2 protein chains.
Amino acid sequence: MTLTARSIGQGRATLAGEVRGEIERMIVEGDLVAGDKLNELALSTAMGVSRGTVREAIRSLADSGLIDLIANRGAFVHETTLSEVRNLYDLRGAIFAMACAAAARRVAEGAEPELAHALQANLQQMRSAHETDDKQTYYQLNIDFHDMLLNAAGNPRAKTFYDKLVKEMHLFRRRGLSIATNIARSIDEHREITEAVSSGAAEAARAAAEKHITSGFARYMKLVDQEEPGTA
Amino acid sequence: MTLTARSIGQGRATLAGEVRGEIERMIVEGDLVAGDKLNELALSTAMGVSRGTVREAIRSLADSGLIDLIANRGAFVHETTLSEVRNLYDLRGAIFAMACAAAARRVAEGAEPELAHALQANLQQMRSAHETDDKQTYYQLNIDFHDMLLNAAGNPRAKTFYDKLVKEMHLFRRRGLSIATNIARSIDEHREITEAVSSGAAEAARAAAEKHITSGFARYMKLVDQEEPGTA
DNA sequence: TAAATGTTAATTGTTGACAAAATTGAACGT
DNA sequence: ACGTTCAATTTTGTCAACAATTAACATTTA
């Protein structure tokens, strides 16, 4: 592969950074699946860079949770177990709840004059996307909704970690399970969050956000269970 | 420096892992302070390993938040600002609250038969350490208390992240501020958490845990403020 | 003097080679 | 067949050298 032009995205001032992004893409897009081994030599020749550079990229990815490192044996795409998914949902719920509470406080302080309007707009678009059954748009709006709140919380560290969690959860979304289950219910939960945040009610926002993630997990579990019963 | 024998701590199967631990120690113990530059060559000759190995160690530390990486300029010990400390406290509170709620649920399920007793014992020891003004012991017991709860939550990922946060917060604890302020109050908050978790009351445990971290932050801020007013 | 420019030194980025460890698989015996 | 031993091969860990970038300093010029 030749390093493409679009690679000039963000953390890519250096070659290793570019390679890192490429490997991450391979994992997220399913080129590499859970359990796969990352062969340093193979990757380096495939990408036309040196082994050391690939090695550096892999090391940098390891802490993100997408990759497991075993000394003298190599790097493997992390295999997320069902119990880990539960843990990830718990963590994500905790972060998101905290972020929504913080966002609500900032709204109350007048620090986020645009937020209420933006959330409301997103909610409306989501409803029409649902009506027209536009999954693609719905999916993006859903991401945007959570991003807006995370950004409004004014806690960049929280956002970074949240994004990591979401990325890692995608690793488990292999079996083609559609994420979108019970959309109507999910949208209503978004409405609750929007109202609480917009009115500056921190505790209500926190509770609504936590509930949203928790029931999201429940919806997901239901899907998994009916697909492969008795794996829990 | 020659790599000491005690280096056989945890992530030390490989040389780079050992170097990483050594650099981390330097940062935590104050050998390297915020803003300091990490010179690859200097470190490598000092430790008697190759530059590449030091480089790998530094890269691995970067994601932990202790170190900032700037392309073509090098690695610097992260300078934690006051607003970042607030963010870290918020995050830590969210994780700890979630963990305590999870621990309470596990107690309710009978999955943690030892926990209530262990927490109670810790509480008692803490009280006597406070009476005899044994700061060293108190400090360790405080760490143990939080560790027990994080472990009981059954969420290793949460514990890892929590530990990272605590480590990063230590970076800000330069100016010799004693961490132990209003110990009596802190112990009473521990009692609240202990009671909620022991009785399996998840929501109460969550609230008590969150309050504990929040008021810990308030106590800390009071100290900082009276030391250098007008920095917030 | 101060700003701009050119030159040199120091430091990071990248690479290829060598050493050590792990995996593979064939030969061997039971 | 089955497991064990051990050499051959592959793969990772470490190192030292080279290239590219940045920082420091002297020199020129307005």
# chains A, B, ... in the order shown; residues from 1 in each chain; ligands from 1
>>> interface_residues(of="chain D", to="chain B", cutoff="8 Å", atoms="only C-alpha atoms (C1' of nucleotides)", output="JSON, numbers by chain")
{"D": [13, 14, 15, 21, 22]}
>>> write_last_selection(atoms="C-alpha atoms (C1' of nucleotides)", output="mmCIF file, in the first residue's frame")
data_model
loop_
_atom_site.group_PDB
_atom_site.id
_atom_site.type_symbol
_atom_site.label_atom_id
_atom_site.label_comp_id
_atom_site.auth_asym_id
_atom_site.auth_seq_id
_atom_site.Cartn_x
_atom_site.Cartn_y
_atom_site.Cartn_z
ATOM 1 C "C1'" DG D 13 13.759 -7.750 20.799
ATOM 2 C "C1'" DT D 14 17.694 -4.776 20.627
ATOM 3 C "C1'" DC D 15 21.124 -2.135 18.644
ATOM 4 C "C1'" DT D 21 14.100 18.227 11.106
ATOM 5 C "C1'" DT D 22 14.711 21.607 14.534
#
>>> select_by_dssp(residues="stretch 58-201 of chain A", states="alpha helix (DSSP H)", output="number ranges by chain")
A: 58-62, 82-108, 115-131, 135-152, 156-170, 183-198
>>> write_last_selection(atoms="C-alpha atoms", output="compact mmCIF listing (two decimals), in the first residue's frame")
# COMPACT_ATOMS: atom_id res chain seq x y z
CA ILE A 58 1.64 -1.10 17.19
CA ARG A 59 3.02 -0.13 20.58
CA SER A 60 1.15 3.13 20.42
CA LEU A 61 -2.08 1.31 19.64
CA ALA A 62 -1.67 -1.18 22.44
CA LEU A 82 -19.30 -10.64 26.53
CA SER A 83 -18.39 -9.85 30.12
CA GLU A 84 -16.00 -7.20 28.86
CA VAL A 85 -18.76 -5.67 26.81
CA ARG A 86 -20.75 -5.32 29.97
CA ASN A 87 -17.81 -3.60 31.60
CA LEU A 88 -17.41 -1.28 28.66
CA TYR A 89 -21.07 -0.33 28.77
CA ASP A 90 -20.80 0.39 32.49
CA LEU A 91 -17.79 2.60 31.92
CA ARG A 92 -19.35 4.35 28.99
CA GLY A 93 -22.50 4.94 31.00
CA ALA A 94 -20.53 6.45 33.85
CA ILE A 95 -18.64 8.82 31.56
CA PHE A 96 -21.67 9.82 29.55
CA ALA A 97 -23.73 10.44 32.68
CA MET A 98 -20.99 12.60 34.14
CA ALA A 99 -20.65 14.50 30.89
CA CYS A 100 -24.38 15.20 30.64
CA ALA A 101 -24.44 16.46 34.21
CA ALA A 102 -21.50 18.74 33.45
CA ALA A 103 -23.16 19.93 30.25
CA ALA A 104 -26.32 20.74 32.18
CA ARG A 105 -24.31 22.75 34.70
CA ARG A 106 -22.65 24.67 31.91
CA VAL A 107 -26.02 25.41 30.34
CA ALA A 108 -27.21 26.68 33.71
CA LEU A 115 -26.46 23.60 22.92
CA ALA A 116 -30.18 23.41 23.68
CA HIS A 117 -31.03 24.46 20.15
CA ALA A 118 -28.55 22.04 18.59
CA LEU A 119 -29.84 19.11 20.63
CA GLN A 120 -33.40 19.95 19.73
CA ALA A 121 -32.52 20.11 16.04
CA ASN A 122 -30.75 16.78 16.22
CA LEU A 123 -33.80 15.28 17.90
CA GLN A 124 -36.07 16.52 15.12
CA GLN A 125 -33.81 15.21 12.37
CA MET A 126 -33.63 11.91 14.16
CA ARG A 127 -37.40 11.63 14.22
CA SER A 128 -37.70 12.21 10.51
CA ALA A 129 -34.82 9.85 9.77
CA HIS A 130 -36.69 7.24 11.76
CA GLU A 131 -39.93 7.92 9.89
CA LYS A 135 -30.60 4.07 8.91
CA GLN A 136 -27.45 5.73 7.63
CA THR A 137 -28.55 9.20 8.67
CA TYR A 138 -29.94 7.96 11.96
CA TYR A 139 -26.65 6.32 12.79
CA GLN A 140 -24.70 9.52 12.17
CA LEU A 141 -27.18 11.66 14.10
CA ASN A 142 -26.89 9.31 17.02
CA ILE A 143 -23.12 9.73 17.07
CA ASP A 144 -23.50 13.49 16.76
CA PHE A 145 -25.91 13.63 19.67
CA HIS A 146 -23.48 11.98 22.03
CA ASP A 147 -20.56 14.00 20.67
CA MET A 148 -22.33 17.28 21.25
CA LEU A 149 -22.94 16.45 24.87
CA LEU A 150 -19.42 15.17 25.45
CA ASN A 151 -18.01 18.35 23.93
CA ALA A 152 -20.32 20.57 25.92
CA PRO A 156 -11.54 16.77 26.69
CA ARG A 157 -10.06 13.87 28.60
CA ALA A 158 -13.52 12.41 29.09
CA LYS A 159 -14.27 12.73 25.40
CA THR A 160 -11.04 11.02 24.41
CA PHE A 161 -11.73 8.14 26.73
CA TYR A 162 -15.34 7.87 25.64
CA ASP A 163 -14.28 7.66 22.01
CA LYS A 164 -11.83 4.92 22.86
CA LEU A 165 -14.56 2.93 24.55
CA VAL A 166 -16.91 3.26 21.63
CA LYS A 167 -14.18 2.19 19.24
CA GLU A 168 -13.43 -0.86 21.30
CA MET A 169 -17.08 -1.81 21.53
CA HIS A 170 -17.21 -1.86 17.78
CA ILE A 183 -35.31 3.26 17.85
CA ALA A 184 -38.49 4.90 19.08
CA ARG A 185 -37.53 4.15 22.65
CA SER A 186 -34.00 5.38 22.14
CA ILE A 187 -35.23 8.65 20.66
CA ASP A 188 -37.47 9.18 23.63
CA GLU A 189 -34.51 8.75 25.93
CA HIS A 190 -32.68 11.36 23.90
CA ARG A 191 -35.62 13.66 24.44
CA GLU A 192 -35.37 13.19 28.18
CA ILE A 193 -31.68 13.97 28.15
CA THR A 194 -32.21 16.99 25.94
CA GLU A 195 -34.85 18.41 28.23
CA ALA A 196 -32.82 17.89 31.38
CA VAL A 197 -29.65 19.36 29.93
CA SER A 198 -31.46 22.28 28.31
>>> calpha_fit_and_write(fixed="chain A", moving="chain B", output="compact mmCIF listing (two decimals) with C-alpha atoms, in the first residue's frame")
# COMPACT_ATOMS: atom_id res chain seq x y z
CA MET B 1 -0.25 -0.48 0.14
CA THR B 2 0.87 3.03 -0.58
CA LEU B 3 -0.01 5.61 2.01
CA THR B 4 -3.03 7.41 0.67
CA ALA B 5 -3.53 11.12 0.52
CA ARG B 6 -6.43 11.18 2.93
CA SER B 7 -4.08 9.91 5.60
CA ILE B 8 -3.57 13.53 6.54
CA GLY B 9 -6.25 13.03 9.17
CA GLN B 10 -5.08 13.74 12.69
CA GLY B 11 -2.12 12.03 14.33
CA ARG B 12 -0.19 11.97 11.06
CA ALA B 13 2.66 14.43 11.50
CA THR B 14 4.96 11.45 11.65
CA LEU B 15 5.20 8.27 9.60
CA ALA B 16 4.54 6.04 12.56
CA GLY B 17 1.41 8.06 13.31
CA GLU B 18 0.22 7.45 9.79
CA VAL B 19 0.86 3.73 10.06
CA ARG B 20 -0.96 3.69 13.35
CA GLY B 21 -4.00 5.25 11.74
CA GLU B 22 -3.85 2.73 8.94
CA ILE B 23 -3.72 -0.24 11.31
CA GLU B 24 -6.53 1.21 13.35
CA ARG B 25 -8.59 1.52 10.19
CA MET B 26 -7.87 -2.10 9.30
CA ILE B 27 -9.16 -3.19 12.68
CA VAL B 28 -12.25 -1.00 12.73
CA GLU B 29 -13.22 -1.86 9.18
CA GLY B 30 -12.76 -5.56 9.78
CA ASP B 31 -9.69 -6.15 7.64
CA LEU B 32 -8.19 -7.54 10.81
CA VAL B 33 -10.52 -9.42 13.12
CA ALA B 34 -10.31 -10.32 16.79
CA GLY B 35 -7.53 -12.76 17.51
CA ASP B 36 -5.55 -11.98 14.37
CA LYS B 37 -1.84 -11.62 14.76
CA LEU B 38 -0.06 -8.51 13.59
CA ASN B 39 3.13 -9.57 11.86
CA GLU B 40 5.61 -6.71 11.96
CA LEU B 41 7.53 -7.74 8.87
CA ALA B 42 4.44 -8.42 6.78
CA LEU B 43 2.89 -5.09 7.71
CA SER B 44 6.09 -3.17 7.10
CA THR B 45 6.63 -4.59 3.61
CA ALA B 46 2.95 -4.17 2.79
CA MET B 47 3.07 -0.51 3.75
CA GLY B 48 6.53 0.14 2.44
CA VAL B 49 8.01 1.35 5.71
CA SER B 50 10.56 -0.09 8.09
CA ARG B 51 9.76 -2.64 10.73
CA GLY B 52 10.68 -0.26 13.52
CA THR B 53 8.07 2.18 12.36
CA VAL B 54 5.36 -0.46 12.31
CA ARG B 55 6.51 -1.61 15.70
CA GLU B 56 6.19 1.90 17.10
CA ALA B 57 2.69 2.18 15.66
CA ILE B 58 1.64 -1.11 17.19
CA ARG B 59 3.01 -0.14 20.59
CA SER B 60 1.11 3.10 20.47
CA LEU B 61 -2.11 1.26 19.67
CA ALA B 62 -1.66 -1.23 22.47
CA ASP B 63 -2.66 1.09 25.29
CA SER B 64 -5.88 1.92 23.52
CA GLY B 65 -7.22 -1.54 24.26
CA LEU B 66 -7.61 -2.58 20.63
CA ILE B 67 -4.46 -4.66 20.73
CA ASP B 68 -2.95 -7.11 23.18
CA LEU B 69 0.81 -7.33 23.47
CA ILE B 70 2.57 -10.52 24.53
CA ALA B 71 6.29 -10.33 25.08
CA ASN B 72 8.32 -12.25 22.51
CA ARG B 73 5.14 -13.47 20.88
CA GLY B 74 3.74 -10.40 19.23
CA ALA B 75 0.62 -8.28 18.93
CA PHE B 76 -2.92 -9.59 18.56
CA VAL B 77 -6.22 -7.89 17.86
CA HIS B 78 -8.03 -7.92 21.19
CA GLU B 79 -10.82 -10.45 21.58
CA THR B 80 -13.59 -8.76 23.48
CA THR B 81 -15.63 -11.11 25.61
CA LEU B 82 -19.24 -10.61 26.54
CA SER B 83 -18.36 -9.83 30.14
CA GLU B 84 -15.95 -7.19 28.89
CA VAL B 85 -18.71 -5.65 26.83
CA ARG B 86 -20.73 -5.30 29.98
CA ASN B 87 -17.78 -3.58 31.64
CA LEU B 88 -17.38 -1.25 28.70
CA TYR B 89 -21.05 -0.32 28.81
CA ASP B 90 -20.80 0.40 32.51
CA LEU B 91 -17.79 2.62 31.98
CA ARG B 92 -19.36 4.35 29.04
CA GLY B 93 -22.51 4.96 31.02
CA ALA B 94 -20.56 6.46 33.89
CA ILE B 95 -18.66 8.82 31.62
CA PHE B 96 -21.68 9.82 29.60
CA ALA B 97 -23.76 10.44 32.71
CA MET B 98 -21.04 12.60 34.20
CA ALA B 99 -20.69 14.51 30.96
CA CYS B 100 -24.39 15.21 30.68
CA ALA B 101 -24.49 16.47 34.25
CA ALA B 102 -21.55 18.75 33.51
CA ALA B 103 -23.20 19.94 30.31
CA ALA B 104 -26.36 20.76 32.22
CA ARG B 105 -24.36 22.75 34.76
CA ARG B 106 -22.71 24.69 31.97
CA VAL B 107 -26.07 25.43 30.40
CA ALA B 108 -27.27 26.71 33.76
CA GLU B 109 -24.24 28.99 33.90
CA GLY B 110 -25.00 30.27 30.40
CA ALA B 111 -21.76 28.86 29.08
CA GLU B 112 -23.42 26.87 26.28
CA PRO B 113 -25.95 29.18 24.59
CA GLU B 114 -26.14 27.08 21.42
CA LEU B 115 -26.45 23.64 22.95
CA ALA B 116 -30.17 23.44 23.68
CA HIS B 117 -31.00 24.49 20.17
CA ALA B 118 -28.51 22.09 18.62
CA LEU B 119 -29.80 19.16 20.65
CA GLN B 120 -33.37 19.99 19.72
CA ALA B 121 -32.46 20.16 16.03
CA ASN B 122 -30.69 16.83 16.23
CA LEU B 123 -33.74 15.34 17.87
CA GLN B 124 -36.00 16.57 15.08
CA GLN B 125 -33.73 15.27 12.34
CA MET B 126 -33.55 11.97 14.13
CA ARG B 127 -37.31 11.67 14.17
CA SER B 128 -37.59 12.28 10.46
CA ALA B 129 -34.70 9.92 9.73
CA HIS B 130 -36.59 7.32 11.69
CA GLU B 131 -39.82 8.01 9.80
CA THR B 132 -38.11 7.65 6.43
CA ASP B 133 -36.15 4.68 7.76
CA ASP B 134 -32.85 6.32 6.81
CA LYS B 135 -30.48 4.16 8.85
CA GLN B 136 -27.32 5.82 7.60
CA THR B 137 -28.44 9.29 8.66
CA TYR B 138 -29.83 8.04 11.92
CA TYR B 139 -26.55 6.38 12.77
CA GLN B 140 -24.59 9.59 12.18
CA LEU B 141 -27.09 11.73 14.09
CA ASN B 142 -26.83 9.36 17.01
CA ILE B 143 -23.06 9.78 17.09
CA ASP B 144 -23.44 13.55 16.79
CA PHE B 145 -25.86 13.68 19.70
CA HIS B 146 -23.44 12.02 22.05
CA ASP B 147 -20.53 14.05 20.72
CA MET B 148 -22.30 17.34 21.30
CA LEU B 149 -22.93 16.47 24.92
CA LEU B 150 -19.41 15.21 25.51
CA ASN B 151 -18.00 18.38 24.01
CA ALA B 152 -20.33 20.60 25.99
CA ALA B 153 -19.12 18.99 29.20
CA GLY B 154 -15.84 20.85 28.80
CA ASN B 155 -13.81 17.80 29.70
CA PRO B 156 -11.56 16.81 26.78
CA ARG B 157 -10.07 13.91 28.70
CA ALA B 158 -13.54 12.45 29.16
CA LYS B 159 -14.27 12.76 25.48
CA THR B 160 -11.04 11.06 24.50
CA PHE B 161 -11.73 8.18 26.81
CA TYR B 162 -15.34 7.91 25.70
CA ASP B 163 -14.25 7.71 22.08
CA LYS B 164 -11.80 4.97 22.95
CA LEU B 165 -14.53 2.97 24.61
CA VAL B 166 -16.87 3.30 21.68
CA LYS B 167 -14.14 2.23 19.29
CA GLU B 168 -13.37 -0.82 21.35
CA MET B 169 -17.03 -1.75 21.58
CA HIS B 170 -17.18 -1.79 17.80
CA LEU B 171 -14.76 -4.72 17.90
CA PHE B 172 -17.53 -6.83 19.32
CA ARG B 173 -20.04 -5.79 16.71
CA ARG B 174 -18.89 -8.38 14.23
CA ARG B 175 -21.77 -10.75 13.63
CA GLY B 176 -23.63 -8.12 11.64
CA LEU B 177 -25.92 -7.24 14.47
CA SER B 178 -27.76 -4.11 13.57
CA ILE B 179 -27.12 -1.60 16.30
CA ALA B 180 -30.42 0.12 15.78
CA THR B 181 -32.96 -1.66 17.92
CA ASN B 182 -36.07 -0.05 19.26
CA ILE B 183 -35.23 3.32 17.80
CA ALA B 184 -38.42 4.95 19.00
CA ARG B 185 -37.49 4.18 22.57
CA SER B 186 -33.95 5.42 22.10
CA ILE B 187 -35.16 8.68 20.61
CA ASP B 188 -37.45 9.21 23.56
CA GLU B 189 -34.50 8.77 25.89
CA HIS B 190 -32.65 11.39 23.87
CA ARG B 191 -35.61 13.69 24.40
CA GLU B 192 -35.39 13.20 28.14
CA ILE B 193 -31.69 13.98 28.14
CA THR B 194 -32.20 17.01 25.93
CA GLU B 195 -34.87 18.43 28.22
CA ALA B 196 -32.86 17.90 31.38
CA VAL B 197 -29.67 19.38 29.96
CA SER B 198 -31.47 22.31 28.33
CA SER B 199 -33.11 23.24 31.60
CA GLY B 200 -29.83 22.97 33.47
CA ALA B 201 -31.00 20.11 35.66
CA ALA B 202 -27.73 18.34 36.31
CA GLU B 203 -28.97 15.45 38.42
CA ALA B 204 -31.89 14.72 36.09
CA ALA B 205 -29.53 14.81 33.14
CA ARG B 206 -27.18 12.41 34.86
CA ALA B 207 -29.93 9.94 35.63
CA ALA B 208 -31.43 10.14 32.14
CA ALA B 209 -28.04 9.63 30.52
CA GLU B 210 -27.24 6.65 32.68
CA LYS B 211 -30.62 5.12 31.93
CA HIS B 212 -30.04 5.64 28.22
CA ILE B 213 -26.81 3.67 28.19
CA THR B 214 -28.15 0.99 30.52
CA SER B 215 -31.21 0.35 28.39
CA GLY B 216 -29.02 0.50 25.31
CA PHE B 217 -27.06 -2.36 26.79
CA ALA B 218 -30.25 -4.25 27.61
CA ARG B 219 -31.46 -3.85 24.04
CA TYR B 220 -28.13 -5.08 22.78
CA MET B 221 -28.07 -8.07 25.09
CA LYS B 222 -31.52 -9.09 23.93
CA LEU B 223 -30.21 -9.22 20.39
CA VAL B 224 -27.14 -11.22 21.32
CA ASP B 225 -29.19 -13.62 23.40
CA GLN B 226 -31.67 -14.44 20.70
CA GLU B 227 -28.81 -14.96 18.27
CA GLU B 228 -26.73 -17.26 20.43
CA PRO B 229 -28.56 -18.29 23.58
CA GLY B 230 -26.55 -19.49 26.50
CA THR B 231 -23.33 -17.59 25.88
CA ALA B 232 -23.74 -15.22 28.80
>>> select_by_dssp(residues="stretch 18-195 of chain B", states="strand (DSSP E or B)", output="number ranges by chain")
B: 37-38, 67-70, 74-77
>>> write_last_selection(atoms="C-alpha atoms", output="short mmCIF file (atom, residue, chain, number, x, y, z; two decimals), in the first residue's frame")
data_model
loop_
_atom_site.label_atom_id
_atom_site.label_comp_id
_atom_site.auth_asym_id
_atom_site.auth_seq_id
_atom_site.Cartn_x
_atom_site.Cartn_y
_atom_site.Cartn_z
CA LYS B 37 12.09 17.38 28.28
CA LEU B 38 12.96 13.73 27.89
CA ILE B 67 3.84 12.62 28.72
CA ASP B 68 3.13 14.90 25.79
CA LEU B 69 4.61 14.07 22.42
CA ILE B 70 5.42 16.73 19.85
CA GLY B 74 10.40 15.36 21.52
CA ALA B 75 8.66 14.24 24.68
CA PHE B 76 7.79 16.43 27.65
CA VAL B 77 6.44 15.69 31.09
#
>>> closest_atom_pairs(of="chain C", to="chain B", cutoff="12 Å", atoms="only C-alpha atoms (C1' of nucleotides)", output="CSV")
residue,atom,partner,partner_atom,distance
C:DA10,C1',B:Leu41,CA,10.6
C:DT11,C1',B:Arg73,CA,7.8
C:DT12,C1',B:Asn72,CA,5.3
C:DG13,C1',B:Asn72,CA,7.4
C:DT14,C1',B:Gly52,CA,10.8
C:DT15,C1',B:Gly52,CA,11.7
C:DA20,C1',B:Thr14,CA,11.8
C:DA21,C1',B:Thr14,CA,11.6
>>> write_last_selection(atoms="C-alpha atoms (C1' of nucleotides)", output="CSV table (one decimal), in the first residue's frame")
chain,number,residue,atom,x,y,z
C,10,DA,C1',22.0,18.9,18.4
C,11,DT,C1',18.0,16.0,18.4
C,12,DT,C1',14.5,13.3,16.5
C,13,DG,C1',12.7,10.0,12.7
C,14,DT,C1',13.7,6.0,10.1
C,15,DT,C1',16.1,2.2,8.6
C,20,DA,C1',17.4,-14.0,21.3
C,21,DA,C1',13.3,-16.3,21.7
>>> closest_residue(among="C:DA17, C:DT7, C:DT23, C:DG29", to="D:DC2", atoms="only C-alpha atoms (C1' of nucleotides)")
C:DG29
>>> atom_distance(atom1="atom C1' of D:DA26", atom2="atom C1' of C:DG6")
9.0 Å
>>> atom_distance(atom1="atom C1' of C:DT1", atom2="atom C1' of D:DT29")
12.0 Å
>>> residues_around(residues="C:DT24", least_positions_apart="3", cutoff="12 Å", atoms="only C-alpha atoms (C1' of nucleotides)", output="list in words")
DC6, DA7, DA8, DT9, DT10 and DT11 of chain D
